[in-house]
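Everything below belongs to coords_36.cif, which stores mmCIF, C-alpha atoms and all ligand atoms.
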```cif
data_start
#
loop_
_atom_site.label_atom_id
_atom_site.label_comp_id
_atom_site.auth_asym_id
_atom_site.auth_seq_id
_atom_site.Cartn_x
_atom_site.Cartn_y
_atom_site.Cartn_z
CA MET W 19 -34.25 -25.97 -22.16
CA GLN W 20 -30.61 -26.92 -21.65
CA GLN W 21 -27.71 -24.76 -22.89
CA ARG W 22 -26.84 -27.55 -25.30
CA GLU W 23 -30.30 -27.37 -26.89
CA TRP W 24 -30.04 -23.58 -27.26
CA ARG W 25 -26.63 -24.03 -28.94
CA GLN W 26 -28.23 -26.47 -31.35
CA ILE W 27 -30.79 -23.83 -32.33
CA GLU W 28 -28.04 -21.24 -32.79
CA ASP W 29 -26.08 -23.64 -35.03
CA TRP W 30 -29.18 -24.38 -37.07
CA ILE W 31 -29.94 -20.64 -37.55
CA GLU W 32 -26.34 -20.10 -38.67
CA LYS W 33 -26.32 -23.06 -41.04
CA GLN W 34 -29.71 -22.24 -42.61
CA GLN W 35 -28.69 -18.57 -42.92
CA ILE W 36 -31.95 -17.47 -41.34
CA GLY W 37 -30.56 -14.01 -40.59
CA ARG W 38 -28.72 -12.06 -37.96
CA TRP W 39 -29.08 -13.40 -34.41
CA GLN W 40 -27.90 -12.50 -30.95
CA ALA W 41 -27.72 -14.61 -27.81
CA GLU W 42 -28.66 -13.02 -24.46
CA ALA W 43 -29.84 -9.85 -26.19
CA SER W 44 -30.66 -7.14 -23.65
CA MET W 45 -34.34 -6.30 -24.08
CA ALA W 46 -33.61 -2.87 -22.58
CA GLU W 47 -31.99 -2.05 -25.93
CA PHE W 48 -35.11 -3.04 -27.85
CA THR W 49 -37.84 -1.36 -25.83
CA SER W 50 -38.79 2.30 -25.61
CA TRP W 51 -38.84 2.00 -21.81
CA ARG W 52 -35.17 0.90 -21.88
CA ILE W 53 -36.11 -1.80 -19.38
CA GLY W 54 -35.87 -5.58 -19.45
CA GLY W 55 -33.45 -8.45 -18.94
CA PRO W 56 -31.99 -10.63 -21.69
CA ALA W 57 -33.85 -12.55 -24.37
CA ARG W 58 -32.17 -15.94 -24.69
CA LEU W 59 -32.06 -15.55 -28.47
CA MET W 60 -33.09 -12.66 -30.71
CA VAL W 61 -33.37 -13.37 -34.44
CA TRP W 62 -33.93 -11.13 -37.45
CA PRO W 63 -35.24 -13.52 -40.16
CA GLU W 64 -34.37 -12.09 -43.57
CA THR W 65 -37.51 -13.14 -45.42
CA GLU W 66 -40.97 -14.57 -44.79
CA GLU W 67 -39.70 -17.98 -45.97
CA LYS W 68 -36.97 -17.84 -43.36
CA CYS W 69 -39.57 -16.87 -40.74
CA ALA W 70 -41.53 -19.99 -41.67
CA ALA W 71 -38.48 -22.24 -41.33
CA LEU W 72 -37.52 -20.62 -38.01
CA LEU W 73 -40.98 -20.91 -36.46
CA GLN W 74 -41.32 -24.51 -37.53
CA TYR W 75 -37.88 -25.51 -36.26
CA CYS W 76 -38.23 -23.71 -32.92
CA SER W 77 -41.64 -25.29 -32.33
CA GLU W 78 -40.26 -28.75 -33.09
CA GLN W 79 -37.42 -28.10 -30.63
CA GLY W 80 -39.85 -26.95 -27.95
CA ALA W 81 -38.41 -23.43 -27.75
CA ALA W 82 -40.82 -20.67 -26.70
CA LEU W 83 -41.42 -17.97 -29.32
CA ARG W 84 -42.15 -14.26 -28.91
CA PHE W 85 -42.65 -11.61 -31.54
CA LEU W 86 -41.19 -8.13 -31.32
CA GLY W 87 -42.05 -5.00 -33.26
CA SER W 88 -40.57 -1.70 -32.09
CA GLY W 89 -40.93 -2.56 -28.39
CA THR W 90 -42.99 0.55 -27.61
CA ASN W 91 -45.79 -1.19 -25.77
CA LEU W 92 -43.77 -3.72 -23.83
CA LEU W 93 -42.67 -4.10 -20.23
CA VAL W 94 -40.12 -6.91 -20.13
CA ALA W 95 -39.28 -8.58 -16.80
CA ASP W 96 -35.91 -7.82 -15.22
CA GLU W 97 -35.13 -11.56 -15.40
CA GLY W 98 -35.59 -11.46 -19.18
CA VAL W 99 -37.30 -14.10 -21.30
CA GLU W 100 -36.22 -17.67 -21.98
CA ALA W 101 -37.44 -17.57 -25.58
CA VAL W 102 -36.58 -17.02 -29.20
CA VAL W 103 -37.61 -13.44 -29.85
CA VAL W 104 -38.39 -12.95 -33.53
CA HIS W 105 -37.60 -9.34 -34.43
CA THR W 106 -39.90 -8.26 -37.28
CA GLY W 107 -37.81 -5.23 -38.27
CA THR W 108 -36.74 -6.90 -41.53
CA LEU W 109 -40.33 -7.26 -42.83
CA ARG W 110 -40.65 -3.85 -44.41
CA ARG W 111 -42.39 -4.18 -47.77
CA MET W 112 -44.65 -1.33 -48.87
CA GLU W 113 -46.63 -1.85 -52.09
CA TRP W 114 -49.18 0.74 -53.13
CA SER W 115 -52.03 0.11 -55.52
CA ASP W 116 -54.43 3.01 -55.98
CA LYS W 117 -55.70 3.76 -52.44
CA GLU W 118 -54.58 0.45 -50.93
CA VAL W 119 -51.27 -0.48 -49.41
CA LEU W 120 -49.78 -3.86 -48.58
CA ALA W 121 -47.25 -3.21 -45.84
CA GLY W 122 -44.84 -5.41 -43.91
CA ALA W 123 -45.28 -5.88 -40.16
CA GLY W 124 -41.89 -4.37 -39.35
CA LEU W 125 -42.54 -1.10 -41.12
CA PRO W 126 -42.58 1.85 -38.70
CA LEU W 127 -46.11 3.20 -38.53
CA ALA W 128 -44.89 6.79 -38.84
CA GLN W 129 -43.11 5.91 -42.10
CA LEU W 130 -46.34 4.47 -43.49
CA SER W 131 -48.27 7.53 -42.33
CA ARG W 132 -45.85 9.86 -44.18
CA ALA W 133 -45.86 7.68 -47.29
CA ALA W 134 -49.66 7.89 -47.42
CA ALA W 135 -49.59 11.69 -47.12
CA ASP W 136 -46.93 11.85 -49.87
CA ARG W 137 -49.46 10.12 -52.13
CA SER W 138 -52.25 12.50 -51.09
CA LEU W 139 -54.04 9.69 -49.30
CA LYS W 140 -55.73 10.32 -45.98
CA GLY W 141 -56.63 8.17 -43.01
CA LEU W 142 -53.27 7.48 -41.37
CA GLU W 143 -52.52 10.97 -40.03
CA PHE W 144 -53.48 9.84 -36.50
CA ALA W 145 -50.58 7.36 -36.56
CA ILE W 146 -47.79 9.86 -37.07
CA GLY W 147 -46.73 10.07 -33.41
CA ILE W 148 -47.27 6.40 -32.53
CA PRO W 149 -43.74 5.02 -32.35
CA GLY W 150 -44.57 1.34 -33.03
CA SER W 151 -44.37 -0.95 -36.03
CA LEU W 152 -47.33 -1.81 -38.24
CA GLY W 153 -47.42 -5.34 -36.76
CA GLY W 154 -47.63 -4.03 -33.20
CA ALA W 155 -50.29 -1.52 -34.25
CA LEU W 156 -52.39 -4.28 -35.86
CA VAL W 157 -52.19 -6.37 -32.68
CA MET W 158 -53.00 -3.46 -30.37
CA ASN W 159 -55.50 -1.74 -32.67
CA ALA W 160 -53.39 1.35 -32.05
CA GLY W 161 -55.16 4.65 -32.32
CA ALA W 162 -55.19 8.32 -31.43
CA TYR W 163 -57.19 11.47 -32.18
CA ASP W 164 -60.34 9.59 -33.21
CA GLY W 165 -58.52 7.29 -35.59
CA GLN W 166 -57.54 3.65 -35.12
CA MET W 167 -56.08 0.85 -37.21
CA SER W 168 -59.37 -1.02 -37.48
CA ASP W 169 -60.81 1.90 -39.52
CA LEU W 170 -58.35 1.06 -42.31
CA VAL W 171 -57.62 -2.65 -42.12
CA LEU W 172 -58.86 -4.84 -44.97
CA GLU W 173 -56.94 -7.96 -44.04
CA VAL W 174 -53.91 -9.25 -42.16
CA ARG W 175 -51.55 -12.01 -43.27
CA VAL W 176 -50.37 -14.22 -40.43
CA MET W 177 -48.12 -17.22 -39.91
CA ASP W 178 -48.68 -19.98 -37.38
CA LYS W 179 -45.96 -21.90 -35.58
CA THR W 180 -45.88 -24.60 -38.24
CA GLY W 181 -44.90 -21.91 -40.77
CA GLN W 182 -48.28 -21.95 -42.56
CA THR W 183 -49.64 -18.59 -43.65
CA ARG W 184 -53.23 -17.44 -43.96
CA VAL W 185 -55.17 -14.26 -44.45
CA LEU W 186 -57.58 -12.96 -41.82
CA THR W 187 -60.28 -10.52 -42.84
CA GLU W 188 -61.18 -7.47 -40.80
CA GLN W 189 -64.28 -9.28 -39.48
CA GLU W 190 -62.15 -12.16 -38.19
CA LEU W 191 -59.85 -9.82 -36.28
CA GLY W 192 -62.45 -8.87 -33.64
CA TYR W 193 -61.29 -5.28 -33.28
CA SER W 194 -62.51 -2.96 -30.54
CA TYR W 195 -60.86 -0.24 -28.42
CA ARG W 196 -57.13 -1.25 -28.19
CA GLU W 197 -58.24 -4.85 -28.55
CA SER W 198 -58.04 -7.59 -31.19
CA ARG W 199 -58.19 -11.37 -31.44
CA LEU W 200 -54.55 -11.25 -32.54
CA LYS W 201 -53.59 -10.24 -29.02
CA HIS W 202 -54.77 -13.61 -27.76
CA THR W 203 -53.16 -15.90 -30.34
CA ASP W 204 -49.61 -17.05 -31.03
CA LEU W 205 -49.71 -15.94 -34.66
CA LEU W 206 -46.93 -13.91 -36.24
CA ILE W 207 -48.24 -11.01 -38.30
CA LEU W 208 -46.40 -10.74 -41.59
CA SER W 209 -48.23 -7.90 -43.29
CA GLY W 210 -51.42 -5.92 -43.46
CA ARG W 211 -53.51 -4.54 -46.28
CA LEU W 212 -54.96 -1.11 -45.54
CA GLN W 213 -57.51 1.02 -47.34
CA LEU W 214 -57.00 4.78 -47.42
CA LYS W 215 -59.08 7.59 -48.91
CA ALA W 216 -58.32 10.24 -51.49
CA GLY W 217 -57.06 13.31 -49.66
CA ASN W 218 -54.88 16.36 -49.89
CA GLN W 219 -51.18 16.23 -49.08
CA GLU W 220 -50.96 19.68 -47.51
CA GLU W 221 -53.98 19.05 -45.30
CA SER W 222 -52.58 15.71 -44.15
CA LEU W 223 -49.16 17.19 -43.40
CA ALA W 224 -50.72 20.07 -41.46
CA LEU W 225 -52.79 17.65 -39.39
CA MET W 226 -49.74 15.50 -38.69
CA LYS W 227 -47.77 18.54 -37.56
CA GLU W 228 -50.59 19.49 -35.20
CA TYR W 229 -50.74 15.98 -33.72
CA LEU W 230 -46.98 15.84 -33.18
CA GLU W 231 -47.01 19.23 -31.47
CA ALA W 232 -49.89 18.17 -29.20
CA ARG W 233 -47.88 15.10 -28.17
CA ARG W 234 -44.78 17.16 -27.41
CA GLN W 235 -46.89 19.43 -25.20
CA LYS W 236 -48.67 16.68 -23.28
CA GLN W 237 -46.42 13.63 -23.21
CA PRO W 238 -43.07 13.17 -21.43
CA LEU W 239 -41.24 12.30 -24.65
CA GLU W 240 -37.92 13.49 -23.24
CA LEU W 241 -37.63 10.38 -21.03
CA PRO W 242 -37.88 6.66 -21.91
CA ASN W 243 -41.47 5.45 -21.47
CA GLY W 244 -43.91 2.85 -22.70
CA GLY W 245 -46.72 5.13 -23.86
CA SER W 246 -50.05 5.08 -22.01
CA VAL W 247 -49.82 2.51 -19.26
CA PHE W 248 -53.56 1.95 -18.76
CA ARG W 249 -56.46 1.81 -21.15
CA ASN W 250 -58.90 4.66 -20.68
CA PRO W 251 -61.86 3.41 -18.64
CA SER W 252 -65.30 4.47 -19.81
CA GLY W 253 -66.12 7.80 -18.29
CA GLY W 254 -62.69 9.44 -18.23
CA GLY W 255 -59.01 9.32 -19.01
CA ALA W 256 -56.87 6.94 -16.93
CA GLY W 257 -54.39 9.78 -16.36
CA ARG W 258 -57.08 11.97 -14.83
CA TYR W 259 -57.99 9.30 -12.26
CA ILE W 260 -54.36 8.70 -11.33
CA GLU W 261 -53.80 12.43 -10.97
CA GLN W 262 -56.93 12.84 -8.83
CA ALA W 263 -55.71 9.99 -6.63
CA GLY W 264 -52.72 12.24 -5.90
CA LEU W 265 -50.16 9.97 -7.52
CA LYS W 266 -48.64 12.29 -10.13
CA GLY W 267 -44.88 12.42 -9.63
CA LEU W 268 -44.80 9.35 -7.34
CA GLN W 269 -41.42 7.64 -7.64
CA ILE W 270 -40.37 4.09 -6.82
CA GLY W 271 -36.69 3.47 -7.42
CA LYS W 272 -35.92 5.04 -10.78
CA ALA W 273 -39.46 4.75 -12.13
CA GLN W 274 -41.85 7.67 -11.80
CA ILE W 275 -45.48 8.45 -12.61
CA SER W 276 -44.81 11.34 -14.94
CA PRO W 277 -45.48 14.78 -13.47
CA LYS W 278 -46.37 15.82 -17.05
CA HIS W 279 -48.95 13.09 -17.79
CA ALA W 280 -50.10 10.69 -15.07
CA ASN W 281 -50.85 7.80 -17.47
CA PHE W 282 -47.16 7.65 -18.39
CA ILE W 283 -44.50 6.03 -16.23
CA VAL W 284 -41.04 7.31 -17.08
CA ASN W 285 -37.63 5.72 -16.61
CA LEU W 286 -35.41 8.24 -14.85
CA GLY W 287 -32.35 6.10 -15.64
CA GLY W 288 -31.83 2.45 -14.78
CA ALA W 289 -35.43 1.77 -13.70
CA LYS W 290 -36.45 -1.85 -13.16
CA ALA W 291 -39.56 -3.56 -14.50
CA ALA W 292 -40.44 -4.43 -10.89
CA GLU W 293 -40.45 -0.72 -10.01
CA VAL W 294 -42.76 0.10 -12.92
CA ARG W 295 -45.02 -2.76 -11.89
CA ALA W 296 -45.09 -1.51 -8.30
CA LEU W 297 -46.24 1.91 -9.54
CA MET W 298 -48.88 0.27 -11.72
CA ASP W 299 -50.16 -1.79 -8.76
CA ARG W 300 -50.30 1.30 -6.59
CA ALA W 301 -52.23 3.29 -9.22
CA GLN W 302 -54.70 0.43 -9.75
CA LYS W 303 -55.25 0.00 -6.02
CA GLU W 304 -55.75 3.67 -5.18
CA VAL W 305 -57.95 4.46 -8.18
CA ALA W 306 -60.13 1.43 -7.36
CA GLU W 307 -60.39 2.45 -3.70
CA LYS W 308 -61.05 6.12 -4.32
CA PHE W 309 -63.26 5.99 -7.41
CA GLY W 310 -64.36 2.37 -7.79
CA VAL W 311 -62.72 2.37 -11.23
CA ILE W 312 -60.71 -0.61 -12.49
CA LEU W 313 -57.66 0.40 -14.51
CA GLU W 314 -56.59 -2.23 -17.04
CA SER W 315 -53.06 -2.42 -18.36
CA GLU W 316 -52.57 -1.28 -21.95
CA VAL W 317 -48.91 -2.28 -21.99
CA ILE W 318 -48.05 -5.93 -22.55
CA CYS W 319 -45.90 -7.55 -19.89
CA TRP W 320 -43.34 -10.18 -20.85
CA ARG W 321 -42.28 -12.40 -17.98
C1 LIG W 401 -44.33 7.76 -26.59
C2 LIG W 401 -45.37 6.75 -26.96
C3 LIG W 401 -46.59 7.15 -27.46
C4 LIG W 401 -47.55 6.20 -27.81
N1 LIG W 401 -48.75 6.63 -28.29
C5 LIG W 401 -49.69 5.72 -28.62
C6 LIG W 401 -50.97 6.15 -29.13
O1 LIG W 401 -51.24 7.32 -29.32
N2 LIG W 401 -51.87 5.19 -29.44
C7 LIG W 401 -51.62 3.86 -29.28
O2 LIG W 401 -52.48 3.04 -29.60
N3 LIG W 401 -50.43 3.43 -28.79
C8 LIG W 401 -49.46 4.33 -28.47
N4 LIG W 401 -48.26 3.88 -27.97
C9 LIG W 401 -48.04 2.46 -27.74
C10 LIG W 401 -47.39 1.70 -28.91
O3 LIG W 401 -46.61 2.56 -29.72
C11 LIG W 401 -48.45 1.01 -29.77
O4 LIG W 401 -49.20 0.08 -29.01
C12 LIG W 401 -47.81 0.27 -30.93
O5 LIG W 401 -48.82 -0.17 -31.79
C13 LIG W 401 -46.97 -0.94 -30.50
O6 LIG W 401 -46.21 -1.36 -31.62
P1 LIG W 401 -44.78 -2.04 -31.44
O7 LIG W 401 -44.28 -2.41 -32.77
O8 LIG W 401 -43.89 -1.16 -30.64
O9 LIG W 401 -45.19 -3.32 -30.63
P2 LIG W 401 -44.31 -4.09 -29.53
O10 LIG W 401 -44.21 -3.25 -28.31
O11 LIG W 401 -43.06 -4.58 -30.14
O12 LIG W 401 -45.27 -5.33 -29.22
C14 LIG W 401 -46.55 -5.14 -28.66
C15 LIG W 401 -47.31 -6.47 -28.72
O13 LIG W 401 -47.54 -6.80 -30.07
C16 LIG W 401 -46.93 -8.04 -30.41
N5 LIG W 401 -46.39 -7.92 -31.76
C17 LIG W 401 -45.64 -6.92 -32.29
N6 LIG W 401 -45.39 -7.16 -33.59
C18 LIG W 401 -45.97 -8.36 -33.87
C19 LIG W 401 -46.07 -9.15 -35.05
N7 LIG W 401 -45.52 -8.79 -36.21
N8 LIG W 401 -46.76 -10.32 -34.98
C20 LIG W 401 -47.35 -10.72 -33.83
N9 LIG W 401 -47.28 -10.01 -32.69
C21 LIG W 401 -46.61 -8.84 -32.71
C22 LIG W 401 -45.85 -8.27 -29.38
O14 LIG W 401 -45.57 -9.65 -29.20
C23 LIG W 401 -46.50 -7.65 -28.14
O15 LIG W 401 -47.40 -8.56 -27.57
C24 LIG W 401 -47.28 4.82 -27.64
C25 LIG W 401 -46.04 4.42 -27.14
C26 LIG W 401 -45.09 5.37 -26.80
C27 LIG W 401 -43.77 4.90 -26.29
#
```
Produce structure tokens that represent the structure in this file.
Amino acid sequence: MQQREWRQIEDWIEKQQIGRWQAEASMAEFTSWRIGGPARLMVWPETEEKCAALLQYCSEQGAALRFLGSGTNLLVADEGVEAVVVHTGTLRRMEWSDKEVLAGAGLPLAQLSRAAADRSLKGLEFAIGIPGSLGGALVMNAGAYDGQMSDLVLEVRVMDKTGQTRVLTEQELGYSYRESRLKHTDLLILSGRLQLKAGNQEESLALMKEYLEARRQKQPLELPNGGSVFRNPSGGGAGRYIEQAGLKGLQIGKAQISPKHANFIVNLGGAKAAEVRALMDRAQKEVAEKFGVILESEVICWR
């Protein structure tokens, strides 16, 4: 698209009061890896209605759309993305009714996990240390410690690029290990309805404390990272294979396979997406050669 056409979109967003927006927004500021070039336009639509208007208008104008949660599972190209990035951080409703919650896509998962424990509801303790938004977690079927989103999801409300909304049931979402149909569509997730179980606040809080401590021990949380880089292949942890291939601590530029946990790649300061990708390629190649195991990316790459 031409500069003139982008300006037209900016003017429209301003005039329709869609919400805050930023041109050439550095994606490094919006990802946990602190990596990534500029997004042509980042927009924070104030309401679902404004999301609908924005999606419809951008589609009519032929502008590419991307959806962003907390940016904790994203590797964005150094060149950035020529797209309208819809930031979901403003969609933060949280409505409880008995053991069910209707929560907005932009709600931090950890906040939802704590809110459930505060109500003596169990089921979301596993999510306490997952730094993403609910929307991202619903796409990725995020999970840890034997729990995953699909255990709780009743339904998900989505919006298509014409601004129409519809509700998808758990059966329609095709969940499996870190996988969902949502990953392969261009639907914006607006909210999710989750079912929890009656529990005990103290027990939930104790479990959450244990999980957070285990993460601090095992994961390189002191440096910017994108969480687990590869999905665990059947028959063992991805980190174990990478370690056994002798790659722990390998550095390319300012990116490094973490000496603490080999399935994490850390940014030592100013790392490039290309450097992370080079480490990923190297790990995939050597693990395949040495063990005949194919490592599949868990992180989503934006190019
Ligand atoms: C330190 C650390 C630890 C982690 N631990 C875990 C873990 O234990 N288990 C686990 O499963 N993951 C883990 N992750 C990965 C990550 O936190 C999860 O995958 C999380 O669910 C991603 O959510 P997000 O909001 O950050 O998504 P983003 O990174 O913003 O986006 C991820 C994908 O989802 C899409 N998306 C996001 N929101 C929406 C929406 N509303 N509508 C449509 N598409 C959307 C994006 O377009 C993108 O394709 C970890 C990450 C880090 C950095």
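Minimum atom-to-atom distance to W:Leu239, evaluated using only C-alpha atoms, belongs to W:Pro149 out of W:Pro149, W:Gly210, W:Gly255, W:Gly192.
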Nearby polymer residues, ligand LIG 401 (chain W), at most 7 Å, all atoms listed in the file, as a ChimeraX atom specification: /W:50,84-92,106,123-124,147-162,196,201,205-208,239,243-246,318
Tell me, as an MDAnalysis selection string, which residues lie within 9 Å of W:Gln237, counting only C-alpha atoms; anything in the same chain fewer than 3 positions away does not count. chainID W and resid 232:234 240 245 276 278:279 282
Return as JSON lines the residues of stretch 212-265 of chain W lying at most 10 Å from stretch 299-309 of chain W, together with the closest atom-to-atom pair for each and the distance in Å to one decimal, counting all atoms listed in the file, with rows in chain order and ascending residue number.
```
{"residue": "W:Phe248", "atom": "CA", "partner": "W:Gln302", "partner_atom": "CA", "distance": 9.2}
{"residue": "W:Ala256", "atom": "CA", "partner": "W:Val305", "partner_atom": "CA", "distance": 9.2}
{"residue": "W:Gly257", "atom": "CA", "partner": "W:Ala301", "partner_atom": "CA", "distance": 9.9}
{"residue": "W:Tyr259", "atom": "CA", "partner": "W:Val305", "partner_atom": "CA", "distance": 6.3}
{"residue": "W:Ile260", "atom": "CA", "partner": "W:Ala301", "partner_atom": "CA", "distance": 6.2}
{"residue": "W:Glu261", "atom": "CA", "partner": "W:Val305", "partner_atom": "CA", "distance": 9.4}
{"residue": "W:Gln262", "atom": "CA", "partner": "W:Val305", "partner_atom": "CA", "distance": 8.5}
{"residue": "W:Ala263", "atom": "CA", "partner": "W:Val305", "partner_atom": "CA", "distance": 6.2}
{"residue": "W:Gly264", "atom": "CA", "partner": "W:Glu304", "partner_atom": "CA", "distance": 9.1}
{"residue": "W:Leu265", "atom": "CA", "partner": "W:Ala301", "partner_atom": "CA", "distance": 7.2}
```
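Counting from atom CA of W:Gln129, the distance to atom CA of W:Asp116 is 18.1 Å.
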